[in-house]
Amino acid sequence: MSVQPQSRLLTKQRFLPYFLTQALGAFNDNVYKNILLILIAFSAPGTLPLDSDLIINLAAGLFILPFFLFSASAGVLADKYDKAQIMRIVKFAEIIIMALAAIAFLTESYMMLLILLFLMGTQSAFFGPAKYALLPQHLRKEELVSGNALVETGTFLAILLGTLLAGVIANQQDAPLIAAISVVSFAVLGYATSRKIPEAKPSNPNLEFKWQPITQTRHTLAIAKKDKTVFQCVLGISWFWFLGACYLTQFPNFAKIHLGGGAASVSFLLALFSIGIATGSLLCDRLSGHRIEPGIVPLGSFGITLFSAILFFASPDMVPVSNSFIEFIAQPELFHIFIALMLLGVSGGVFIVPLYAMMQSRAKEDERAQIIAANNIWNALFMVASAILSIVFLSVLEFSIPQFFLFLSITNFIVVIYLYVQVPDFFWRFLVWLVTHTMYRVKHKNLDNIPLQGGALIVCNHVSYMDALLLAGAYPRPIRFLMDKDISSLPFISVFCKACKVIPVDPNERRSVHRAFSQVTQYLENGDIVCIFPEGQLTYDGEIGPFLRGIDIIIKRSSVPVIPVALQGLWGSLFSRERGSALLKMPKRFWSKVTVVAGEPISPSDNIHSSELRERIVALRGNNP
């Protein structure tokens, strides 16, 4: 399976129109919203029906309220009907809303603009479930991470450019006229690109839709909780938006009060953060090898903790004086702030992309849009919570913004601990990722022979103590290992074995063998993947030893395909028995080339014998032990 660069997706009809449509939507949302906020903030006395601060806070609430009211209904509709068609209908509605907004801009009708802001939030609430649920239908599984990385990149760059353009437009003498023309033009352009999105057939056309927002919301939230991993992804994504809202809302005052900057410096901080997230999103795709790799998530979370803390420690005690934007960005004491803010965004991109991809891939096809709708509801709740926390921390308790950033760093570290307790697989996959990217150069060959769903029995040669880690990291689905009790009881390895539900077996004790075989059969019947090293021990000479007869018993008992797998390049490593006991010697080489090769699946009806299975694995391994 060849890995193609991310940019190749931007040349595909099944992705490019979709990418442009969602990016233009985020862009136009921010152009409209920020022009409105700037015009309100600098409006002449007596032109507003209410206090400007009240209207600005009301505007934020009006945009987010539809996500509570309509997300659940939007999820049902996106599962019931063609998602591409829903996106086109929503984009056409945007043209109508923006046409009315153009009239409101020209007549300076702020109440009408606020009502239309609510409608913009509504169309965004209906757009979201279709937007994210469509990706798994148009992209292959190996393209899903790349697609999500590009979507997050496009979204945050669109937010940045839309915010910057809004500032430029609002400072023009004919701002209402330019704003009116702009928002309508971008809406029309977004609808035009949506017309080119290929159809995305309904995933659950028989789903019944009733206009019952409260009942539907409860039902939608319940659907998202059915799968623990999916729900943990939803909470992780919501936590990302919580942190993002906390940081973004503080940029203006942080730049003014603590960094001595002006209006342009706020845009500069926003640019650093947004470009960082875009970079992190693309970097995550590279680091994970274009696969869904939850092991990357702790890396991003650790980066958020670290660089958020640096924002506190690097904030200057004496506010530097800058008479211009050039002087601001040239202040040497602010370089650490700029770097930390950029890397904070990079960490956020690394954190968020695998969660989106995993949520999409793990969700049932006929419930995917509803789960994404539930995700949007949780996102909105967390963003409201971020606003409340900011008010309490900064206004009631009167802490400084750098202290608030330190508080977010500590809180995020607590979330990291929570993630480990709730989903230890994330951290073990992170360990596997570190091993496979530092100690070895691991390549995979024909791993698509291992099924994406259902039970399967992997049979592999046993070269080193790292074999289980390498196999666990090679395939995104969890693998249950049958392992010698003495090996699984070794320090450190025992922790990994417990977290990954390794099946220990003592080959010299009949009761232990029977118990282990029963567990293997149960896992396979439950649709899990089980891996067995049928040699029963590490090789002493690099060659594949005879298979124990227990493998024949397991194959006869199971009704799942058998996948022969060979590990190449591990003989001679620190963890092999070449030149004596493993670990008790100096390594001959570092960053060795290791290949994991999967053979053709063997049907249960083939009645393959262990000797023939061994021959196949020997052939797969070749002359590279």
# chains A, B, ... in the order shown; residues from 1 in each chain; ligands from 1
call {"tool": "select_by_dssp", "arguments": {"residues": "region 413-516 of chain A", "states": "strand (DSSP E or B)", "output": "PyMOL selection string"}}
result
chain A and resi 440-445+456-460+464+479-484+503-505
call {"tool": "residues_around", "arguments": {"residues": "Ala387 (chain A)", "least_positions_apart": "4", "cutoff": "12 Å", "atoms": "only C-alpha atoms", "output": "VMD selection string"}}
result
chain A and resid 57 60 to 61 64 241 to 250 380 to 383 391 to 395
call {"tool": "residues_around", "arguments": {"residues": "Asn171 (chain A)", "least_positions_apart": "3", "cutoff": "10 Å", "atoms": "only C-alpha atoms", "output": "ChimeraX atom specification"}}
result
/A:35,38-39,166-168,174-175
call {"tool": "residues_around", "arguments": {"residues": "region 72-80 of chain A", "least_positions_apart": "6", "cutoff": "12 Å", "atoms": "only C-alpha atoms", "output": "ChimeraX atom specification"}}
result
/A:66,86-87,89-90,122-134,137,200-224,364-378
call {"tool": "select_by_dssp", "arguments": {"residues": "region 155-300 of chain A", "states": "helix (DSSP H, G or I)", "output": "ChimeraX atom specification"}}
result
/A:155-170,175-194,213-225,228-258,263-287,294-300
call {"tool": "closest_residue", "arguments": {"among": "A:Gly121, A:Pro625, A:Gly599, A:Gly527", "to": "Ile544 (chain A)", "atoms": "only C-alpha atoms"}}
result
A:Pro625
call {"tool": "residues_around", "arguments": {"residues": "Trp428 (chain A)", "least_positions_apart": "5", "cutoff": "8 Å", "atoms": "only C-alpha atoms", "output": "VMD selection string"}}
result
chain A and resid 295 496 499
call {"tool": "write_last_selection", "arguments": {"atoms": "C-alpha atoms", "output": "PDB file, in the first residue's frame"}}
result
ATOM      1  CA  GLY A 295      -0.342   7.317  20.335  1.00  0.00           C
ATOM      2  CA  PHE A 496       2.500  -3.303  29.039  1.00  0.00           C
ATOM      3  CA  ALA A 499      -2.664  -2.745  29.819  1.00  0.00           C
TER       4      ALA A 499
END
call {"tool": "closest_residue", "arguments": {"among": "A:Phe273, A:Phe186, A:Phe547, A:Phe70", "to": "Asn461 (chain A)", "atoms": "only C-alpha atoms"}}
result
A:Phe547
call {"tool": "residues_around", "arguments": {"residues": "Ala158 (chain A)", "least_positions_apart": "6", "cutoff": "6 Å", "atoms": "only C-alpha atoms", "output": "list in words"}}
result
Ala23, Ala26 and Phe27 of chain A
call {"tool": "write_last_selection", "arguments": {"atoms": "N, CA, C and O atoms", "output": "CSV table (one decimal), in the first residue's frame"}}
result
chain,number,residue,atom,x,y,z
A,23,ALA,N,-13.7,25.4,3.9
A,23,ALA,CA,-12.8,26.5,4.3
A,23,ALA,C,-13.5,27.9,4.0
A,23,ALA,O,-13.4,28.8,4.8
A,26,ALA,N,-15.9,28.6,6.9
A,26,ALA,CA,-15.2,29.2,8.1
A,26,ALA,C,-14.7,30.6,7.9
A,26,ALA,O,-14.8,31.4,8.8
A,27,PHE,N,-14.2,30.8,6.7
A,27,PHE,CA,-13.7,32.2,6.3
A,27,PHE,C,-14.8,33.2,6.4
A,27,PHE,O,-14.7,34.3,7.0
call {"tool": "closest_residue", "arguments": {"among": "A:Ala149, A:Ile40, A:Val346, A:Ile602", "to": "Asn449 (chain A)", "atoms": "only C-alpha atoms"}}
result
A:Ile602
call {"tool": "closest_residue", "arguments": {"among": "A:Phe313, A:Phe399, A:Tyr465, A:Tyr475", "to": "Lys445 (chain A)", "atoms": "only C-alpha atoms"}}
result
A:Tyr475
call {"tool": "atom_distance", "arguments": {"atom1": "CA of Glu94 (chain A)", "atom2": "CA of Ala357 (chain A)"}}
result
27.4 Å
call {"tool": "closest_residue", "arguments": {"among": "A:Leu20, A:Ala101, A:Ala179, A:Val416", "to": "Trp239 (chain A)", "atoms": "only C-alpha atoms"}}
result
A:Val416
call {"tool": "closest_residue", "arguments": {"among": "A:Gly262, A:Gly454, A:Pro198, A:Gly473", "to": "Val530 (chain A)", "atoms": "only C-alpha atoms"}}
result
A:Gly454
call {"tool": "atom_distance", "arguments": {"atom1": "CA of Glu152 (chain A)", "atom2": "CA of Phe240 (chain A)"}}
result
12.4 Å
call {"tool": "atom_distance", "arguments": {"atom1": "CA of Asn526 (chain A)", "atom2": "CA of Pro601 (chain A)"}}
result
18.8 Å
